[in-house]
Amino acid sequence: MCGIVAYLGPKEAYPILINGLRRLEYRGYDSAGVALLNDSLEVYKTKGKVADLENFVKEVDLRGTIGIAHTRWATHGEPNDVNAHPHFSQSKEIALIHNGIIENYAPLRSELETRGYVFESSTDTEVLTNLIEDIRKNENVSLFEAVRIALNQVIGAYAIVVIDAKDPNSLIAARKGSPLVIGIGNDDYYIASDATPIIEYTRNVVYLDDEEIALISRSSDLKIKTIRNKEKTPYVQELEMNLSALEKGGFEHFMLKEIFEQPQSIRDSMRGRLHADIGSVSLGGIIDYEQKLVNAKRIIIVACGTSWHAGLVGEYLFEDIARIPVEVEYASEFRYRNPVIYESDVVIAISQSGETADTLAAIDLAKQKGATILGICNVVGSSIARATHAGSYTHAGPEIGVASTKAFTAQVTLLTLMALRLAQLKGTITKTRFVHLLNELERIPDKVAKTLQSSKKVIEIAEKYKDVRNFLYLGRGYNFPVALEGALKLKEISYIHAEGYPAAEMKHGPIALIDEEMPVVVIATNKGTYDKVVSNIQEVKARKGQVIAIVTEGNVAVYGMADYVIEIPETEEMFVPLLATVPLQKLAYYIAVMRGCNVDQPRNLAKSVTVE
Ligand code: M6R
């Protein structure tokens with residue numbers, strides 16, 4: 001969603017702000033803006049990307065040691081110059097940047113209009129800005145107090161930073177439902193919607209909690225209150241992020257870099273957890289909840305998008321080896337459909353960003369019903385990581401490309417470890433099989449590296465199909481979620497319509513789509529339902545469809561049937577998703593590049609979806 005960055009200190013603010021916006025551009029990228037306070041408070045904003053903002057401000061005076069800046073992902077009002085942030089209040093005495101949605105903005109706006117406020121934009125943010133101004137004037141309170149009172153009237157989600165034209169010495173920040181981090185330097189402060197713009201200046205950060213409001217001032221220590229006026233002591237944490245993880249490192253795109261990082265990111269997800277030599281799995285983050293898992297009658301997995309696909313792999317894993325029923329739910333559906341939740345249920349919430357609004361709401365609901373909630377998140381300190389009872393981080397490192405790649409394989413790795421540990425605890429697996437699986441899992445990073453070795457075939461396939469309008473992806477069993485994920489990757493970044501289907505379901509509908517123009521990606525690895533999937537390939541060929549098959553290396557049978565074949569190394573059936581996903585990520589990547597698409601920042605998408 002939107003990206004927030006702000007600075008207060010002795011240095012020039014603009015270079016820090018623009019650098020921060022570049023780091024945050026992956027979050028939102030339809031418009032950008034900056035407000036700087038020197039002799040006067042000036043706002044510069046424009047539709048487009050951060051580079052467009054840089055061009056826009058080329059000729060202006062950018063001096064000032066305090067400022068706020070924003071990249072937008074439109075919710076209320078189309079992406080244009082006027083709707084871009086920061087928003088001035090009517091008197092231009094304050095300016096504000098905002099991430100989130102003010103749900104009751106319409107009645108608030110009407111009320112303010114009756115009091116003479118005229119709105120320039122269609123945004124909910126301008127409403128909040130004028131609400132704060134109105135309260136400050138009418139109630140004759142400080143800006144901090146006016147922000148606090150205003151936030152008590154607001155329904156919805158927000159991370160905001162407010163700057164006052166008359167006060168060059170302080171900023172006010174607050175959050176509810178959208179993350180906000182305050183970096184504390186030697187003599188300065190850096191505020192951002194995630195830690196990526198902060199890490200190069202300081203490792204000491206305070207994560208604001210929901211409904212907290214902070215006064216950031218040159219002359220005093222950081223002061224935090226809740227919006228109900230209760231003082232809080234700031235809790236300073238140390239960031240563990242590595243700056244090089246935020247750079248492209250010689251790759252053309254973040255997505256490609258992240259695809260190629262997978263041998264390492266999978267290894268990092270296993271580090272200190274998988275001990276094949278002594279035949280054990282330990283997950284420190286959930287150790288206190290292992291008995292809850294053992295006693296649970298059911299696991300419910302909640303997630304969205306790619307994380308939901310990882311959850312589906314989790315369902316197969318837990319049911320297969322730990323013999324426990326699993327339901328996998330879209331968090332957005334779960335939260336509104338009055339689901340049956342028992343206190344004995346264990347809910348696993350999966351999220352790369354740890355900020356997805358629907359997943360957070362699903363967690364809240366399950367918590368209210370007394371279930372135990374475990375999290376699988378990538379971003380350390382994220383809202384979901386904090387909202388769950390316990391959890392395990394995926395440790396995949398920052399994922400900047402909007403299309404999730406290494407986060408998915410890290411999530412699947414973690415779910416595999418959890419399922420193995422639970423199977424061991426429940427005694428649903430023999431010791432020999434358990435140790436065999438651990439040894440094979442340990443080999444997976446090397447097998448992913450092997451899968452990545454050559455891109456020649458994938459590039460050839462991409463070249464051939466880059467201009468088609470539709471793609472179908474088929475898989476069965478563990479490979480069904482892989483088919484879904486392959487299709488999602490392609491549609492997200494290349495804008496080609498793609499559907500993932502369980503292979504056997506093809507004949508119940510999608511087969512009608514197949515003609516000589518239709519490429520069908522079939523994941524036909526050995527084991528499981530291999531023979532049946534081969535029959536599906538023949539059904540596609542009988543209708544003149546084009547088949548791209550992902551097979552286990554050494555499989556010669558499919559070569560005679562498919563138009564293209566990509567081999568992946570042999571492994572246990574349950575580990576195949578960790579390998580089969582990789583060529584599909586590459587296929588989507590190369591097709592998108594050949595079509596001239598913006599791979600890292602596909603249109604309309606945002607990296608973390610912090611609104612409904
Ligand atoms: O951060 P989360 O894992 O909770 O995000 C969930 C989805 O928004 C995300 O996976 C989305 O589908 C990605 N664009 C997939 O590439």
# chains A, B, ... in the order shown; residues from 1 in each chain; ligands from 1
>>> residues_near_ligand(ligand="ligand 1", cutoff="8 Å", atoms="only C-alpha atoms and all ligand atoms", output="PyMOL selection string")
chain A and resi 303-308+350-356+359+377+402-405+407+488-489+492+605-609
>>> residues_around(residues="Ser219 of chain A", least_positions_apart="5", cutoff="10 Å", atoms="only C-alpha atoms", output="PDB file with N, CA and C atoms, in the first residue's frame")
ATOM      1  N   ASN A 169      10.051  22.146  14.807  1.00  0.00           N
ATOM      2  CA  ASN A 169      10.782  21.306  15.755  1.00  0.00           C
ATOM      3  C   ASN A 169      10.085  19.999  16.101  1.00  0.00           C
ATOM      4  N   SER A 170       8.921  19.747  15.539  1.00  0.00           N
ATOM      5  CA  SER A 170       8.286  18.473  15.879  1.00  0.00           C
ATOM      6  C   SER A 170       7.389  17.917  14.780  1.00  0.00           C
ATOM      7  N   ASP A 187      21.028  12.204  16.874  1.00  0.00           N
ATOM      8  CA  ASP A 187      20.356  13.470  17.152  1.00  0.00           C
ATOM      9  C   ASP A 187      19.215  13.707  16.173  1.00  0.00           C
TER      10      ASP A 187
END
>>> residues_around(residues="segment 155-162 of chain A", least_positions_apart="6", cutoff="9 Å", atoms="only C-alpha atoms", output="PyMOL selection string")
chain A and resi 4-6+68+94-105+129+143+147+171-180+191+193+610-611
>>> atom_distance(atom1="atom CA of Ile373 of chain A", atom2="atom CA of Leu293 of chain A")
10.3 Å
>>> residues_around(residues="segment 572-575 of chain A", least_positions_apart="4", cutoff="10 Å", atoms="only C-alpha atoms", output="list in words")
Val313, Gly314, Tyr316, Leu317, Asp320, Ile321, Val412, Thr413, Thr416, His436, Leu437, Glu440, Leu441, Ile444, Gly477, Tyr478, Asn479, Thr525, Asn526, Lys527, Gly528, Leu579 and Ala580 of chain A
>>> closest_residue(among="A:Ala296, A:Ala349, A:Val435, A:Leu17", to="Asp364 of chain A", atoms="only C-alpha atoms")
A:Ala349
>>> residues_around(residues="Val556 of chain A", least_positions_apart="2", cutoff="12 Å", atoms="only C-alpha atoms", output="mmCIF file with C-alpha atoms, in the first residue's frame")
data_model
loop_
_atom_site.group_PDB
_atom_site.id
_atom_site.type_symbol
_atom_site.label_atom_id
_atom_site.label_comp_id
_atom_site.auth_asym_id
_atom_site.auth_seq_id
_atom_site.Cartn_x
_atom_site.Cartn_y
_atom_site.Cartn_z
ATOM 1 C CA ALA A 524 3.588 -33.969 -14.182
ATOM 2 C CA THR A 525 6.237 -35.054 -11.740
ATOM 3 C CA ASN A 526 6.730 -38.750 -10.912
ATOM 4 C CA ALA A 549 5.286 -30.057 -18.978
ATOM 5 C CA ILE A 550 7.243 -29.867 -15.760
ATOM 6 C CA VAL A 551 8.596 -33.366 -15.160
ATOM 7 C CA THR A 552 11.023 -35.218 -12.939
ATOM 8 C CA GLU A 553 14.463 -35.438 -14.533
ATOM 9 C CA GLY A 554 14.976 -38.521 -16.618
ATOM 10 C CA VAL A 558 6.368 -37.024 -21.575
ATOM 11 C CA TYR A 559 8.878 -35.759 -24.171
ATOM 12 C CA GLY A 560 6.913 -37.625 -26.814
ATOM 13 C CA MET A 561 3.660 -35.883 -25.885
ATOM 14 C CA ALA A 562 4.465 -32.344 -24.756
ATOM 15 C CA VAL A 565 9.495 -30.159 -21.249
ATOM 16 C CA ILE A 566 11.270 -28.700 -18.234
ATOM 17 C CA GLU A 567 12.979 -31.138 -15.883
#
>>> select_by_dssp(residues="segment 12-106 of chain A", states="strand (DSSP E or B)", output="PyMOL selection string")
chain A and resi 31-37+41-47+66-72+87-88+94-102
>>> closest_residue(among="A:Asp563, A:Glu145, A:Asp210, A:Glu54", to="Glu460 of chain A", atoms="only C-alpha atoms")
A:Asp563
>>> residues_around(residues="Phe471 of chain A", least_positions_apart="3", cutoff="7 Å", atoms="only C-alpha atoms", output="number ranges by chain")
A: 497-499, 518-520
>>> write_last_selection(atoms="N, CA, C and O atoms", output="PDB file, in the first residue's frame")
ATOM      1  N   HIS A 497      -4.108 -13.436 -18.945  1.00  0.00           N
ATOM      2  CA  HIS A 497      -5.064 -14.171 -18.127  1.00  0.00           C
ATOM      3  C   HIS A 497      -4.579 -15.610 -17.948  1.00  0.00           C
ATOM      4  O   HIS A 497      -4.267 -16.292 -18.932  1.00  0.00           O
ATOM      5  N   ALA A 498      -4.496 -16.056 -16.711  1.00  0.00           N
ATOM      6  CA  ALA A 498      -4.023 -17.416 -16.458  1.00  0.00           C
ATOM      7  C   ALA A 498      -4.869 -18.030 -15.354  1.00  0.00           C
ATOM      8  O   ALA A 498      -5.212 -17.362 -14.376  1.00  0.00           O
ATOM      9  N   GLU A 499      -5.197 -19.308 -15.537  1.00  0.00           N
ATOM     10  CA  GLU A 499      -5.991 -19.994 -14.511  1.00  0.00           C
ATOM     11  C   GLU A 499      -5.269 -21.245 -14.052  1.00  0.00           C
ATOM     12  O   GLU A 499      -4.730 -21.985 -14.884  1.00  0.00           O
ATOM     13  N   MET A 518      -3.980 -22.411 -27.151  1.00  0.00           N
ATOM     14  CA  MET A 518      -3.978 -22.384 -25.680  1.00  0.00           C
ATOM     15  C   MET A 518      -2.781 -23.131 -25.087  1.00  0.00           C
ATOM     16  O   MET A 518      -2.731 -24.361 -25.121  1.00  0.00           O
ATOM     17  N   PRO A 519      -1.807 -22.408 -24.485  1.00  0.00           N
ATOM     18  CA  PRO A 519      -0.745 -23.118 -23.793  1.00  0.00           C
ATOM     19  C   PRO A 519      -1.227 -23.637 -22.435  1.00  0.00           C
ATOM     20  O   PRO A 519      -1.878 -22.904 -21.678  1.00  0.00           O
ATOM     21  N   VAL A 520      -0.915 -24.890 -22.165  1.00  0.00           N
ATOM     22  CA  VAL A 520      -1.308 -25.500 -20.897  1.00  0.00           C
ATOM     23  C   VAL A 520      -0.040 -25.984 -20.194  1.00  0.00           C
ATOM     24  O   VAL A 520       0.684 -26.821 -20.733  1.00  0.00           O
TER      25      VAL A 520
END
>>> decode(residues="segment 179-224 of chain A", atoms="N, CA and C atoms", output="PDB file, in the first residue's frame")
ATOM      1  N   PRO A 179       1.246  -0.211   9.615  1.00  0.00           N
ATOM      2  CA  PRO A 179       2.477  -0.121  10.405  1.00  0.00           C
ATOM      3  C   PRO A 179       3.177   1.231  10.335  1.00  0.00           C
ATOM      4  N   LEU A 180       3.899   1.549  11.395  1.00  0.00           N
ATOM      5  CA  LEU A 180       4.709   2.772  11.439  1.00  0.00           C
ATOM      6  C   LEU A 180       5.893   2.520  12.379  1.00  0.00           C
ATOM      7  N   VAL A 181       7.069   2.836  11.871  1.00  0.00           N
ATOM      8  CA  VAL A 181       8.299   2.588  12.623  1.00  0.00           C
ATOM      9  C   VAL A 181       9.013   3.917  12.818  1.00  0.00           C
ATOM     10  N   ILE A 182       9.532   4.137  14.017  1.00  0.00           N
ATOM     11  CA  ILE A 182      10.294   5.367  14.278  1.00  0.00           C
ATOM     12  C   ILE A 182      11.742   4.971  14.547  1.00  0.00           C
ATOM     13  N   GLY A 183      12.650   5.440  13.681  1.00  0.00           N
ATOM     14  CA  GLY A 183      14.071   5.166  13.864  1.00  0.00           C
ATOM     15  C   GLY A 183      14.689   6.278  14.711  1.00  0.00           C
ATOM     16  N   ILE A 184      15.481   5.863  15.687  1.00  0.00           N
ATOM     17  CA  ILE A 184      16.064   6.863  16.582  1.00  0.00           C
ATOM     18  C   ILE A 184      17.570   6.947  16.328  1.00  0.00           C
ATOM     19  N   GLY A 185      17.990   8.062  15.722  1.00  0.00           N
ATOM     20  CA  GLY A 185      19.408   8.279  15.453  1.00  0.00           C
ATOM     21  C   GLY A 185      20.068   8.978  16.633  1.00  0.00           C
ATOM     22  N   ASN A 186      21.324   9.438  16.416  1.00  0.00           N
ATOM     23  CA  ASN A 186      22.043  10.122  17.506  1.00  0.00           C
ATOM     24  C   ASN A 186      21.343  11.408  17.907  1.00  0.00           C
ATOM     25  N   ASP A 187      21.028  12.204  16.874  1.00  0.00           N
ATOM     26  CA  ASP A 187      20.356  13.470  17.152  1.00  0.00           C
ATOM     27  C   ASP A 187      19.215  13.707  16.173  1.00  0.00           C
ATOM     28  N   ASP A 188      18.681  12.612  15.649  1.00  0.00           N
ATOM     29  CA  ASP A 188      17.586  12.782  14.686  1.00  0.00           C
ATOM     30  C   ASP A 188      16.620  11.597  14.702  1.00  0.00           C
ATOM     31  N   TYR A 189      15.507  11.775  14.000  1.00  0.00           N
ATOM     32  CA  TYR A 189      14.457  10.741  13.930  1.00  0.00           C
ATOM     33  C   TYR A 189      14.097  10.464  12.475  1.00  0.00           C
ATOM     34  N   TYR A 190      13.843   9.197  12.189  1.00  0.00           N
ATOM     35  CA  TYR A 190      13.420   8.753  10.853  1.00  0.00           C
ATOM     36  C   TYR A 190      12.123   7.966  11.060  1.00  0.00           C
ATOM     37  N   ILE A 191      11.100   8.358  10.339  1.00  0.00           N
ATOM     38  CA  ILE A 191       9.812   7.673  10.520  1.00  0.00           C
ATOM     39  C   ILE A 191       9.446   7.035   9.180  1.00  0.00           C
ATOM     40  N   ALA A 192       8.955   5.822   9.209  1.00  0.00           N
ATOM     41  CA  ALA A 192       8.617   5.173   7.933  1.00  0.00           C
ATOM     42  C   ALA A 192       7.597   4.068   8.145  1.00  0.00           C
ATOM     43  N   SER A 193       6.966   3.669   7.021  1.00  0.00           N
ATOM     44  CA  SER A 193       5.953   2.622   7.120  1.00  0.00           C
ATOM     45  C   SER A 193       6.577   1.237   7.213  1.00  0.00           C
ATOM     46  N   ASP A 194       7.839   1.084   6.893  1.00  0.00           N
ATOM     47  CA  ASP A 194       8.576  -0.111   7.301  1.00  0.00           C
ATOM     48  C   ASP A 194      10.033   0.276   7.460  1.00  0.00           C
ATOM     49  N   ALA A 195      10.833  -0.667   7.900  1.00  0.00           N
ATOM     50  CA  ALA A 195      12.193  -0.291   8.308  1.00  0.00           C
ATOM     51  C   ALA A 195      13.142  -0.048   7.139  1.00  0.00           C
ATOM     52  N   THR A 196      12.717  -0.359   5.905  1.00  0.00           N
ATOM     53  CA  THR A 196      13.674  -0.291   4.793  1.00  0.00           C
ATOM     54  C   THR A 196      14.301   1.094   4.575  1.00  0.00           C
ATOM     55  N   PRO A 197      13.590   2.214   4.765  1.00  0.00           N
ATOM     56  CA  PRO A 197      14.269   3.500   4.552  1.00  0.00           C
ATOM     57  C   PRO A 197      15.118   3.924   5.757  1.00  0.00           C
ATOM     58  N   ILE A 198      14.988   3.198   6.854  1.00  0.00           N
ATOM     59  CA  ILE A 198      15.623   3.631   8.101  1.00  0.00           C
ATOM     60  C   ILE A 198      16.986   2.973   8.294  1.00  0.00           C
ATOM     61  N   ILE A 199      17.109   1.736   7.787  1.00  0.00           N
ATOM     62  CA  ILE A 199      18.236   0.881   8.151  1.00  0.00           C
ATOM     63  C   ILE A 199      19.608   1.504   7.868  1.00  0.00           C
ATOM     64  N   GLU A 200      19.683   2.361   6.815  1.00  0.00           N
ATOM     65  CA  GLU A 200      21.012   2.926   6.531  1.00  0.00           C
ATOM     66  C   GLU A 200      21.396   4.055   7.474  1.00  0.00           C
ATOM     67  N   TYR A 201      20.482   4.477   8.334  1.00  0.00           N
ATOM     68  CA  TYR A 201      20.790   5.576   9.255  1.00  0.00           C
ATOM     69  C   TYR A 201      20.888   5.125  10.713  1.00  0.00           C
ATOM     70  N   THR A 202      20.020   4.206  11.075  1.00  0.00           N
ATOM     71  CA  THR A 202      20.048   3.731  12.470  1.00  0.00           C
ATOM     72  C   THR A 202      19.431   2.348  12.571  1.00  0.00           C
ATOM     73  N   ARG A 203      19.876   1.586  13.570  1.00  0.00           N
ATOM     74  CA  ARG A 203      19.294   0.261  13.807  1.00  0.00           C
ATOM     75  C   ARG A 203      18.314   0.286  14.983  1.00  0.00           C
ATOM     76  N   ASN A 204      18.251   1.426  15.665  1.00  0.00           N
ATOM     77  CA  ASN A 204      17.368   1.496  16.838  1.00  0.00           C
ATOM     78  C   ASN A 204      15.989   2.009  16.436  1.00  0.00           C
ATOM     79  N   VAL A 205      15.003   1.184  16.648  1.00  0.00           N
ATOM     80  CA  VAL A 205      13.662   1.571  16.208  1.00  0.00           C
ATOM     81  C   VAL A 205      12.612   1.303  17.282  1.00  0.00           C
ATOM     82  N   VAL A 206      11.534   2.067  17.172  1.00  0.00           N
ATOM     83  CA  VAL A 206      10.347   1.833  18.001  1.00  0.00           C
ATOM     84  C   VAL A 206       9.193   1.555  17.035  1.00  0.00           C
ATOM     85  N   TYR A 207       8.539   0.412  17.190  1.00  0.00           N
ATOM     86  CA  TYR A 207       7.344   0.129  16.384  1.00  0.00           C
ATOM     87  C   TYR A 207       6.145   0.657  17.159  1.00  0.00           C
ATOM     88  N   LEU A 208       5.403   1.575  16.556  1.00  0.00           N
ATOM     89  CA  LEU A 208       4.186   2.036  17.240  1.00  0.00           C
ATOM     90  C   LEU A 208       3.171   0.898  17.253  1.00  0.00           C
ATOM     91  N   ASP A 209       2.408   0.813  18.328  1.00  0.00           N
ATOM     92  CA  ASP A 209       1.307  -0.150  18.394  1.00  0.00           C
ATOM     93  C   ASP A 209       0.024   0.525  17.941  1.00  0.00           C
ATOM     94  N   ASP A 210      -0.998  -0.294  17.699  1.00  0.00           N
ATOM     95  CA  ASP A 210      -2.289   0.263  17.287  1.00  0.00           C
ATOM     96  C   ASP A 210      -2.785   1.289  18.295  1.00  0.00           C
ATOM     97  N   GLU A 211      -3.338   2.361  17.776  1.00  0.00           N
ATOM     98  CA  GLU A 211      -3.921   3.442  18.574  1.00  0.00           C
ATOM     99  C   GLU A 211      -2.886   4.166  19.426  1.00  0.00           C
ATOM    100  N   GLU A 212      -1.635   4.134  18.978  1.00  0.00           N
ATOM    101  CA  GLU A 212      -0.616   4.934  19.675  1.00  0.00           C
ATOM    102  C   GLU A 212      -0.286   6.159  18.846  1.00  0.00           C
ATOM    103  N   ILE A 213       0.059   7.210  19.547  1.00  0.00           N
ATOM    104  CA  ILE A 213       0.383   8.478  18.899  1.00  0.00           C
ATOM    105  C   ILE A 213       1.683   8.977  19.508  1.00  0.00           C
ATOM    106  N   ALA A 214       2.590   9.432  18.634  1.00  0.00           N
ATOM    107  CA  ALA A 214       3.934   9.808  19.099  1.00  0.00           C
ATOM    108  C   ALA A 214       4.213  11.276  18.813  1.00  0.00           C
ATOM    109  N   LEU A 215       4.873  11.918  19.773  1.00  0.00           N
ATOM    110  CA  LEU A 215       5.373  13.276  19.554  1.00  0.00           C
ATOM    111  C   LEU A 215       6.883  13.166  19.368  1.00  0.00           C
ATOM    112  N   ILE A 216       7.323  13.532  18.181  1.00  0.00           N
ATOM    113  CA  ILE A 216       8.744  13.421  17.848  1.00  0.00           C
ATOM    114  C   ILE A 216       9.283  14.840  17.814  1.00  0.00           C
ATOM    115  N   SER A 217      10.227  15.106  18.714  1.00  0.00           N
ATOM    116  CA  SER A 217      10.602  16.513  18.891  1.00  0.00           C
ATOM    117  C   SER A 217      12.120  16.647  18.963  1.00  0.00           C
ATOM    118  N   ARG A 218      12.632  17.795  18.476  1.00  0.00           N
ATOM    119  CA  ARG A 218      14.083  18.024  18.522  1.00  0.00           C
ATOM    120  C   ARG A 218      14.570  18.148  19.960  1.00  0.00           C
ATOM    121  N   SER A 219      13.735  18.714  20.807  1.00  0.00           N
ATOM    122  CA  SER A 219      14.221  19.127  22.117  1.00  0.00           C
ATOM    123  C   SER A 219      13.906  18.143  23.244  1.00  0.00           C
ATOM    124  N   SER A 220      13.156  17.094  22.954  1.00  0.00           N
ATOM    125  CA  SER A 220      12.864  16.157  24.046  1.00  0.00           C
ATOM    126  C   SER A 220      12.822  14.734  23.522  1.00  0.00           C
ATOM    127  N   ASP A 221      12.816  13.785  24.445  1.00  0.00           N
ATOM    128  CA  ASP A 221      12.776  12.380  24.050  1.00  0.00           C
ATOM    129  C   ASP A 221      11.432  12.053  23.412  1.00  0.00           C
ATOM    130  N   LEU A 222      11.428  10.938  22.713  1.00  0.00           N
ATOM    131  CA  LEU A 222      10.201  10.475  22.077  1.00  0.00           C
ATOM    132  C   LEU A 222       9.105  10.269  23.122  1.00  0.00           C
ATOM    133  N   LYS A 223       7.930  10.850  22.823  1.00  0.00           N
ATOM    134  CA  LYS A 223       6.825  10.704  23.772  1.00  0.00           C
ATOM    135  C   LYS A 223       5.685   9.948  23.086  1.00  0.00           C
ATOM    136  N   ILE A 224       5.189   8.914  23.744  1.00  0.00           N
ATOM    137  CA  ILE A 224       4.096   8.128  23.142  1.00  0.00           C
ATOM    138  C   ILE A 224       2.922   8.046  24.115  1.00  0.00           C
TER     139      ILE A 224
END
